[in-house]
Amino acid sequence: MPRLKPELLWDWIKNEPNAKAINSLLIGLSAIASAITYVHSTLFPPPDDVIVFDASDFLYTEGVSSNTFRDPSGVCPYKLVYNQPPWKEVPLNAVYYRANLRRGGQYKLLVEYASNEPTDAPKRLVDVDVNNQRVITGALAEQSESWCLTRWESVGVLELNRGSNTIKFSRKGVFPHLRTIRLIRQ
């Protein structure tokens with residue numbers, strides 16, 4: 001059976017006369033999926049080897065904050081971390097998280113985010129620092145098809161210490177919209 005390519009589906013939605021209604025439906029379905037995920041993670045918490053942060057549970061920020069976001073198709077049904085006005089090139093936008101770990105070691109970093117720049121615009125690439133050391137550059141390069149419809153990206157593997165670790169996402173310029181950060185012990 002042939003598989004439907006997401007980009008073809010998106011092209012169809014954009015050209016469909018009821019595109020706004022379809023986009024609103026997709027955002028609503030995303031909200032339902034998020035609610036199911038939240039209830040499941042509350043009833044069945046992940047093991048110690050999986051750490052999940054809501055992006056709005058940051059330690060502190062520079063130039064970004066957490067809020068619901070108004071997309072042209074409506075309001076995102078969840079909080080996102082994104083830069084605040086003025087939306088222009090700035091010296092630094094950054095968000096810091098604290099990961100307190102029972103066991104040190106290698107942890108895979110996954111990030112759920114949205115970035116809906118036009119294809120000819122520069123991407124909103126971020127750098128990742130762990131405990132004040134740059135470990136990843138140019139992360140979160142993929143586009144999502146809306147500022148509210150998020151995507152997951154496997155960013156890389158981090159070497160984290162037992163106890164407290166500071167993880168920083170930063171970039172000079174406008175920031176992608178972060179929703180969830182997940183660390184999985186390798």
# chains A, B, ... in the order shown; residues from 1 in each chain; ligands from 1
>>> select_by_dssp(residues="stretch 55-157 of chain A", states="strand (DSSP E or B)", output="number ranges by chain")
A: 60-62, 64-71, 74-83, 93-101, 105-114, 126-130, 133-139, 151-157
>>> closest_atom_pairs(of="stretch 47-116 of chain A", to="stretch 129-152 of chain A", cutoff="8 Å", atoms="only C-alpha atoms", output="CSV")
residue,atom,partner,partner_atom,distance
A:Phe69,CA,A:Cys148,CA,7.6
A:Asp71,CA,A:Trp147,CA,6.1
A:Val75,CA,A:Cys148,CA,7.9
A:Cys76,CA,A:Cys148,CA,5.3
A:Leu110,CA,A:Trp152,CA,6.7
A:Val111,CA,A:Trp152,CA,5.6
A:Glu112,CA,A:Trp152,CA,4.3
A:Tyr113,CA,A:Thr150,CA,5.0
A:Ala114,CA,A:Thr150,CA,4.6
A:Ser115,CA,A:Gln143,CA,5.3
A:Asn116,CA,A:Ser146,CA,5.4
>>> atom_distance(atom1="atom CA of A:Thr68", atom2="atom CA of A:Val50")
26.0 Å
>>> residues_around(residues="A:Asp49", least_positions_apart="2", cutoff="9 Å", atoms="only C-alpha atoms", output="PyMOL selection string")
chain A and resi 46-47+51+101-103+107+183-186
>>> write_last_selection(atoms="all heavy atoms", output="compact mmCIF listing (two decimals), in the first residue's frame")
# COMPACT_ATOMS: atom_id res chain seq x y z
N PRO A 46 7.40 8.01 34.09
CA PRO A 46 8.51 7.35 33.42
C PRO A 46 9.55 6.87 34.43
O PRO A 46 9.63 7.40 35.53
CB PRO A 46 9.09 8.45 32.52
CG PRO A 46 8.64 9.72 33.12
CD PRO A 46 7.34 9.43 33.81
N PRO A 47 10.34 5.88 34.05
CA PRO A 47 11.39 5.43 34.95
C PRO A 47 12.43 6.52 35.16
O PRO A 47 12.45 7.52 34.44
CB PRO A 47 11.98 4.23 34.21
CG PRO A 47 11.62 4.44 32.78
CD PRO A 47 10.33 5.20 32.79
N ILE A 51 13.81 11.51 31.73
CA ILE A 51 13.47 12.77 32.39
C ILE A 51 12.76 13.64 31.36
O ILE A 51 13.26 13.84 30.25
CB ILE A 51 14.72 13.48 32.93
CG1 ILE A 51 15.37 12.65 34.04
CG2 ILE A 51 14.39 14.85 33.47
CD1 ILE A 51 16.46 11.79 33.59
N LEU A 101 20.00 14.56 38.48
CA LEU A 101 20.03 13.16 38.11
C LEU A 101 20.55 12.28 39.23
O LEU A 101 21.52 12.64 39.91
CB LEU A 101 20.91 12.97 36.87
CG LEU A 101 20.55 13.82 35.65
CD1 LEU A 101 21.58 13.63 34.56
CD2 LEU A 101 19.17 13.47 35.16
N ARG A 102 19.91 11.13 39.40
CA ARG A 102 20.40 10.15 40.37
C ARG A 102 21.64 9.43 39.84
O ARG A 102 22.47 8.97 40.62
CB ARG A 102 19.33 9.11 40.66
CG ARG A 102 18.17 9.67 41.43
CD ARG A 102 17.21 8.57 41.77
NE ARG A 102 15.98 9.16 42.27
CZ ARG A 102 14.90 8.48 42.49
NH1 ARG A 102 14.86 7.19 42.26
NH2 ARG A 102 13.82 9.09 42.95
N ARG A 103 21.72 9.32 38.50
CA ARG A 103 22.86 8.65 37.88
C ARG A 103 23.40 9.51 36.75
O ARG A 103 22.65 10.03 35.95
CB ARG A 103 22.44 7.30 37.30
CG ARG A 103 21.92 6.35 38.35
CD ARG A 103 21.74 4.95 37.83
NE ARG A 103 20.87 4.87 36.67
CZ ARG A 103 20.73 3.78 35.93
NH1 ARG A 103 21.43 2.71 36.22
NH2 ARG A 103 19.92 3.76 34.91
N TYR A 107 23.05 10.76 28.07
CA TYR A 107 21.61 10.91 27.93
C TYR A 107 21.31 11.46 26.53
O TYR A 107 21.90 12.45 26.11
CB TYR A 107 21.04 11.88 28.97
CG TYR A 107 20.94 11.29 30.35
CD1 TYR A 107 22.07 11.18 31.16
CD2 TYR A 107 19.72 10.84 30.84
CE1 TYR A 107 21.98 10.64 32.43
CE2 TYR A 107 19.62 10.30 32.12
CZ TYR A 107 20.76 10.20 32.90
OH TYR A 107 20.65 9.66 34.16
N LEU A 183 15.12 13.76 28.23
CA LEU A 183 16.45 13.14 28.35
C LEU A 183 16.25 11.65 28.60
O LEU A 183 15.48 11.27 29.50
CB LEU A 183 17.22 13.74 29.51
CG LEU A 183 17.57 15.23 29.41
CD1 LEU A 183 18.05 15.76 30.76
CD2 LEU A 183 18.62 15.44 28.34
N ILE A 184 16.92 10.81 27.81
CA ILE A 184 16.79 9.35 27.97
C ILE A 184 18.19 8.78 28.19
O ILE A 184 19.08 8.95 27.34
CB ILE A 184 16.16 8.71 26.72
CG1 ILE A 184 14.78 9.33 26.45
CG2 ILE A 184 16.05 7.21 26.89
CD1 ILE A 184 14.17 8.93 25.14
N ARG A 185 18.37 8.12 29.33
CA ARG A 185 19.69 7.54 29.65
C ARG A 185 20.01 6.45 28.65
O ARG A 185 19.20 5.60 28.33
CB ARG A 185 19.68 6.97 31.06
CG ARG A 185 21.07 6.62 31.55
CD ARG A 185 21.04 6.36 33.07
NE ARG A 185 22.34 6.45 33.65
CZ ARG A 185 23.28 5.51 33.52
NH1 ARG A 185 23.03 4.42 32.82
NH2 ARG A 185 24.45 5.65 34.09
N GLN A 186 21.23 6.47 28.13
CA GLN A 186 21.68 5.50 27.11
C GLN A 186 22.35 4.31 27.76
O GLN A 186 23.00 4.41 28.75
CB GLN A 186 22.65 6.18 26.13
CG GLN A 186 22.00 7.34 25.39
CD GLN A 186 20.84 6.91 24.52
OE1 GLN A 186 21.04 6.26 23.51
NE2 GLN A 186 19.63 7.24 24.92
>>> closest_residue(among="A:Tyr82, A:Phe175, A:Tyr96, A:Phe169", to="A:Leu59", atoms="only C-alpha atoms")
A:Tyr96
>>> closest_residue(among="A:Asn83, A:Ser66, A:Thr180, A:Gln106", to="A:Arg162", atoms="only C-alpha atoms")
A:Gln106
>>> closest_residue(among="A:Val157, A:Gly173, A:Asn93, A:Val128", to="A:Val64", atoms="only C-alpha atoms")
A:Asn93
>>> atom_distance(atom1="atom CA of A:Gly104", atom2="atom CA of A:Lys79")
29.7 Å
>>> closest_residue(among="A:Leu158, A:Val174, A:Ala33, A:Leu125", to="A:Gln84", atoms="only C-alpha atoms")
A:Val174
>>> atom_distance(atom1="atom CA of A:Lys172", atom2="atom CA of A:Val52")
25.9 Å
>>> closest_residue(among="A:His177, A:Arg171, A:Lys108, A:Arg182", to="A:Ala94", atoms="only C-alpha atoms")
A:Arg171
